[in-house]
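File shown: model07.pdb (PDB, C-alpha atoms and all ligand atoms).
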MODEL        1
ATOM      1  CA  MET A  27     121.463 153.700 -89.602
ATOM      2  CA  SER A  28     124.386 155.879 -90.481
ATOM      3  CA  ASP A  29     126.096 155.262 -93.769
ATOM      4  CA  ILE A  30     129.768 156.115 -93.956
ATOM      5  CA  TRP A  31     129.254 156.970 -97.611
ATOM      6  CA  ASN A  32     126.934 159.847 -96.641
ATOM      7  CA  GLU A  33     129.980 161.865 -95.677
ATOM      8  CA  CYS A  34     131.578 161.359 -99.066
ATOM      9  CA  ILE A  35     131.533 163.833-101.945
ATOM     10  CA  PHE A  36     132.221 161.115-104.519
ATOM     11  CA  ASP A  37     130.395 157.812-104.841
ATOM     12  CA  PHE A  38     130.498 155.835-108.080
ATOM     13  CA  ARG A  39     129.602 152.380-106.834
ATOM     14  CA  LYS A  40     126.338 152.174-108.774
ATOM     15  CA  ILE A  41     125.340 151.604-112.393
ATOM     16  CA  PRO A  42     125.118 155.050-114.032
ATOM     17  CA  THR A  43     121.637 156.168-115.082
ATOM     18  CA  LYS A  44     122.674 159.608-116.274
ATOM     19  CA  CYS A  45     125.839 161.151-117.635
ATOM     20  CA  ASP A  46     128.222 162.506-114.996
ATOM     21  CA  ASN A  47     129.571 164.915-117.594
ATOM     22  CA  CYS A  48     126.498 166.488-119.234
ATOM     23  CA  GLY A  49     123.554 165.152-117.225
ATOM     24  CA  SER A  50     121.946 163.387-120.202
ATOM     25  CA  GLU A  51     119.982 160.188-119.569
ATOM     26  CA  LYS A  52     121.186 158.693-122.849
ATOM     27  CA  VAL A  53     123.779 156.528-121.143
ATOM     28  CA  ARG A  54     124.062 152.943-122.296
ATOM     29  CA  TYR A  55     126.225 149.917-121.660
ATOM     30  CA  THR A  56     128.250 148.771-124.635
ATOM     31  CA  THR A  57     131.607 147.305-125.655
ATOM     32  CA  ASN A  58     134.603 149.595-125.826
ATOM     33  CA  ASP A  59     135.467 148.862-129.450
ATOM     34  CA  GLU A  60     132.878 151.585-130.013
ATOM     35  CA  VAL A  61     135.319 153.988-128.337
ATOM     36  CA  TYR A  62     138.723 152.587-129.284
ATOM     37  CA  GLY A  63     138.049 150.724-132.521
ATOM     38  CA  ARG A  64     139.009 147.462-130.838
ATOM     39  CA  ILE A  65     138.351 145.702-127.549
ATOM     40  CA  TYR A  66     140.582 146.679-124.637
ATOM     41  CA  GLY A  67     140.716 144.929-121.262
ATOM     42  CA  ASN A  68     137.399 143.362-120.279
ATOM     43  CA  GLY A  69     135.689 145.273-123.083
ATOM     44  CA  GLY A  70     132.781 146.729-121.096
ATOM     45  CA  CYS A  71     131.934 150.404-120.870
ATOM     46  CA  TYR A  72     129.203 153.005-120.466
ATOM     47  CA  ILE A  73     128.898 155.723-123.038
ATOM     48  CA  CYS A  74     126.816 158.901-123.219
ATOM     49  CA  ASP A  75     125.189 159.341-126.618
ATOM     50  CA  ASP A  76     124.953 163.093-126.140
ATOM     51  CA  CYS A  77     128.487 164.139-125.135
ATOM     52  CA  LYS A  78     130.390 160.871-125.809
ATOM     53  CA  ALA A  79     131.850 160.739-122.292
ATOM     54  CA  TYR A  80     132.604 157.166-121.242
ATOM     55  CA  VAL A  81     133.881 154.936-118.466
ATOM     56  CA  GLY A  82     135.018 151.311-118.245
ATOM     57  CA  VAL A  83     133.680 148.649-115.881
ATOM     58  CA  HIS A  84     135.225 146.534-113.134
ATOM     59  CA  ASP A  85     133.974 143.401-114.837
ATOM     60  CA  THR A  86     131.415 142.527-117.457
ATOM     61  CA  LYS A  87     129.328 140.415-115.066
ATOM     62  CA  ASN A  88     128.448 143.005-112.428
ATOM     63  CA  LYS A  89     128.860 145.847-114.954
ATOM     64  CA  LEU A  90     129.869 148.234-112.173
ATOM     65  CA  PRO A  91     131.585 151.392-113.443
ATOM     66  CA  LEU A  92     135.209 152.203-112.638
ATOM     67  CA  GLY A  93     134.212 155.777-111.897
ATOM     68  CA  ARG A  94     132.469 158.718-113.500
ATOM     69  CA  LEU A  95     131.739 159.049-117.202
ATOM     70  CA  ALA A  96     134.572 161.273-118.353
ATOM     71  CA  ASN A  97     135.308 163.518-121.285
ATOM     72  CA  LYS A  98     138.735 164.058-122.812
ATOM     73  CA  GLU A  99     139.675 166.873-120.455
ATOM     74  CA  LEU A 100     139.000 164.747-117.361
ATOM     75  CA  ARG A 101     140.761 161.722-118.840
ATOM     76  CA  ASN A 102     143.852 163.830-119.505
ATOM     77  CA  LEU A 103     143.844 165.245-115.979
ATOM     78  CA  LYS A 104     143.424 161.753-114.561
ATOM     79  CA  MET A 105     146.364 160.491-116.618
ATOM     80  CA  LYS A 106     148.547 163.365-115.397
ATOM     81  CA  CYS A 107     147.646 162.527-111.792
ATOM     82  CA  HIS A 108     148.569 158.861-112.253
ATOM     83  CA  ARG A 109     151.845 159.815-113.912
ATOM     84  CA  LEU A 110     152.841 161.707-110.752
ATOM     85  CA  PHE A 111     151.147 159.437-108.229
ATOM     86  CA  ASP A 112     152.058 155.927-109.372
ATOM     87  CA  PRO A 113     155.871 156.285-109.046
ATOM     88  CA  LEU A 114     155.341 157.294-105.395
ATOM     89  CA  TRP A 115     154.483 153.696-104.508
ATOM     90  CA  LYS A 116     155.783 151.757-107.512
ATOM     91  CA  GLU A 117     159.312 153.075-107.250
ATOM     92  CA  THR A 118     159.634 153.327-103.472
ATOM     93  CA  LYS A 119     158.890 151.285-100.369
ATOM     94  CA  LEU A 120     155.755 153.289 -99.674
ATOM     95  CA  LYS A 121     152.464 151.426 -99.698
ATOM     96  CA  ARG A 122     149.893 152.360-102.307
ATOM     97  CA  VAL A 123     147.179 152.711 -99.672
ATOM     98  CA  ASP A 124     149.358 155.128 -97.679
ATOM     99  CA  CYS A 125     149.955 157.279-100.740
ATOM    100  CA  TYR A 126     146.192 157.440-101.268
ATOM    101  CA  GLY A 127     145.800 158.132 -97.561
ATOM    102  CA  TYR A 128     148.174 161.064 -97.780
ATOM    103  CA  LEU A 129     146.292 162.494-100.744
ATOM    104  CA  ALA A 130     142.891 161.969 -99.085
ATOM    105  CA  ASN A 131     144.153 163.765 -95.993
ATOM    106  CA  LYS A 132     145.463 166.698 -98.033
ATOM    107  CA  LEU A 133     142.213 166.951 -99.999
ATOM    108  CA  GLY A 134     140.005 166.584 -96.928
ATOM    109  CA  LEU A 135     138.363 163.459 -98.358
ATOM    110  CA  HIS A 136     137.761 159.940 -97.077
ATOM    111  CA  LEU A 137     140.106 157.242 -98.332
ATOM    112  CA  ARG A 138     137.202 155.256 -99.774
ATOM    113  CA  GLU A 139     136.290 158.064-102.189
ATOM    114  CA  THR A 140     139.861 158.870-103.180
ATOM    115  CA  HIS A 141     140.180 157.521-106.722
ATOM    116  CA  PHE A 142     141.286 159.677-109.637
ATOM    117  CA  GLY A 143     138.590 158.092-111.770
ATOM    118  CA  TRP A 144     135.982 159.392-109.347
ATOM    119  CA  PHE A 145     137.218 162.964-109.061
ATOM    120  CA  ASN A 146     135.749 165.952-110.861
ATOM    121  CA  LYS A 147     137.890 168.611-112.515
ATOM    122  CA  GLU A 148     138.274 170.595-109.286
ATOM    123  CA  TYR A 149     139.673 167.681-107.313
ATOM    124  CA  LEU A 150     141.879 166.443-110.140
ATOM    125  CA  GLU A 151     143.409 169.918-110.360
ATOM    126  CA  LYS A 152     143.818 170.059-106.577
ATOM    127  CA  SER A 153     145.507 166.656-106.724
ATOM    128  CA  LEU A 154     147.914 167.822-109.410
ATOM    129  CA  ILE A 155     149.038 170.746-107.269
ATOM    130  CA  ILE A 156     149.639 168.423-104.300
ATOM    131  CA  LEU A 157     151.370 165.753-106.396
ATOM    132  CA  ASN A 158     153.618 168.261-108.117
ATOM    133  CA  SER A 159     155.311 169.114-104.837
ATOM    134  CA  VAL A 160     154.979 165.972-102.687
ATOM    135  CA  THR A 161     158.106 164.077-101.676
ATOM    136  CA  TYR A 162     158.735 160.577-100.382
ATOM    137  CA  LYS A 163     159.579 162.139 -97.025
ATOM    138  CA  ASP A 164     156.244 164.000 -96.820
ATOM    139  CA  ILE A 165     154.325 160.736 -97.106
ATOM    140  CA  GLN A 166     156.662 158.906 -94.766
ATOM    141  CA  GLU A 167     156.129 161.599 -92.118
ATOM    142  CA  TYR A 168     152.363 161.508 -92.654
ATOM    143  CA  VAL A 169     152.337 157.718 -92.067
ATOM    144  CA  ILE A 170     154.415 157.995 -88.887
ATOM    145  CA  LYS A 171     152.239 160.781 -87.493
ATOM    146  CA  ARG A 172     149.005 158.953 -88.383
ATOM    147  CA  ASN A 173     150.201 155.731 -86.737
ATOM    148  CA  GLU A 174     151.163 157.641 -83.593
ATOM    149  CA  GLU A 175     147.697 159.183 -83.409
ATOM    150  CA  LYS A 176     146.095 155.760 -83.775
ATOM    151  CA  SER A 177     147.990 154.136 -80.930
TER     152      SER A 177
HETATM  153 ZN    ZN B 201     127.030 163.185-121.497
ENDMDL
END
Turn this file's structure into structure tokens for me.
Amino acid sequence: MSDIWNECIFDFRKIPTKCDNCGSEKVRYTTNDEVYGRIYGNGGCYICDDCKAYVGVHDTKNKLPLGRLANKELRNLKMKCHRLFDPLWKETKLKRVDCYGYLANKLGLHLRETHFGWFNKEYLEKSLIILNSVTYKDIQEYVIKRNEEKS
């Protein structure tokens, strides 16, 4: 059986057993007051005892990670990406999924793996270059062209 995820570079749907940052197996589930000094959001996270990289969880029942365990450098890059990306759909009539679709297309990735929290340094930096020059019109044209190809 073919698995559509086989074609993906990034896949962070599973509970982490080793650190995505340093490769250590000393990854454990804990509460994020250990990171922030108080509980934020749902409070769950994974932390690496060797390099201190961490990641939050979707919810504290399934304990599934939001993405890769990240160090400060990756978290900063991710934040920069969101700062450029989020206004594209929050402050326009563009759909969020289409903005991700545009980015996935530019990066040569599948939509399902296109999450800033999943990207490594290379893809976050590639995203920043794309997002620094993208315009509303670029995405609008991408959506029109894509819909034409579908029909
Ligand atoms: Zn680590």
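Using the PyMOL selection byres (((not hetatm)) within 9 of (chain B and resi 201)) on this structure selects A:Lys44, A:Cys45, A:Asp46, A:Asn47, A:Cys48, A:Gly49, A:Ser50, A:Glu51, A:Lys52, A:Val53, A:Ile73, A:Cys74, A:Asp75, A:Asp76, A:Cys77, A:Lys78, A:Ala79, A:Tyr80, A:Leu95, A:Ala96, A:Asn97.
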Would you export the selected residues with C-alpha atoms as a compact mmCIF listing (two decimals), keeping the file's coordinate frame, please?
# COMPACT_ATOMS: atom_id res chain seq x y z
CA LYS A 44 122.67 159.61 -116.27
CA CYS A 45 125.84 161.15 -117.64
CA ASP A 46 128.22 162.51 -115.00
CA ASN A 47 129.57 164.92 -117.59
CA CYS A 48 126.50 166.49 -119.23
CA GLY A 49 123.55 165.15 -117.22
CA SER A 50 121.95 163.39 -120.20
CA GLU A 51 119.98 160.19 -119.57
CA LYS A 52 121.19 158.69 -122.85
CA VAL A 53 123.78 156.53 -121.14
CA ILE A 73 128.90 155.72 -123.04
CA CYS A 74 126.82 158.90 -123.22
CA ASP A 75 125.19 159.34 -126.62
CA ASP A 76 124.95 163.09 -126.14
CA CYS A 77 128.49 164.14 -125.14
CA LYS A 78 130.39 160.87 -125.81
CA ALA A 79 131.85 160.74 -122.29
CA TYR A 80 132.60 157.17 -121.24
CA LEU A 95 131.74 159.05 -117.20
CA ALA A 96 134.57 161.27 -118.35
CA ASN A 97 135.31 163.52 -121.28
Find the residues around Trp31 of chain A up to 10 Å (all atoms listed in the file counted), leave out those fewer than 4 positions away in its own chain, and share them as JSON, numbers by chain. {"A": [35, 36, 37, 136, 138, 139]}
Rounded to one decimal place, report the atom CA of Ala130 of chain A-atom CA of Ser153 of chain A distance in Å. 9.3 Å
Take the PyMOL selection byres (((chain A and resi 149) around 12) and not hetatm), run it mentally on this structure, and tell me the resulting residues as a ChimeraX atom specification. /A:35-36,100,103-104,107,129-130,132-135,139-148,150-157
Enclosing box along x, y and z for every listed atom of segment 108-111 of chain A, padded 8 Å each side, centre and size in Å, one decimal, as lines of an AutoDock Vina configuration file:
center_x = 150.7
center_y = 160.3
center_z = -111.1
size_x = 20.3
size_y = 18.8
size_z = 21.7
Using all atoms listed in the file, which of A:Asn88, A:Thr43, A:Thr118, A:Asn68 sits nearest Lys163 of chain A? A:Thr118
One decimal, in Å: what's the spacing between atom CA of Val160 of chain A and atom CA of Val123 of chain A? 15.7 Å
Proximity to Ile30 of chain A - best of A:Leu137, A:Leu120, A:Thr57, A:His84, only C-alpha atoms: A:Leu137
On this file, the PyMOL selection byres (((chain A and resi 41) around 6) and not hetatm) gives some set of residues; write that set as a VMD selection string. chain A and resid 40 42 90
Expected file: the selected residues, C-alpha atoms, as a PDB file, in the frame of the given file:
ATOM      1  CA  LYS A  40     126.338 152.174-108.774  1.00  0.00           C
ATOM      2  CA  PRO A  42     125.118 155.050-114.032  1.00  0.00           C
ATOM      3  CA  LEU A  90     129.869 148.234-112.173  1.00  0.00           C
TER       4      LEU A  90
END
Work out how far apart atom CA of Leu110 of chain A and atom CA of Thr161 of chain A are and give it in Å to one decimal. 10.8 Å
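Nearest residue to Arg109 of chain A among A:Gly69, A:Leu92, A:Asn158, A:Thr86 is A:Asn158, counting only C-alpha atoms.
Each of A:Lys119, A:Arg94, A:His108, A:Lys171 was checked against Gly82 of chain A using all atoms listed in the file; the smallest atom-to-atom distance is that of A:Arg94.
Counting all atoms listed in the file and comparing A:Lys116, A:Arg122, A:Arg39, A:Lys89, the residue that lies closest to Gly70 of chain A is A:Lys89.
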Can you work out which one of A:Asn173, A:Glu33, A:Lys87, A:Phe38 has the shortest atom-to-atom distance to Tyr55 of chain A, counting all atoms listed in the file? A:Lys87
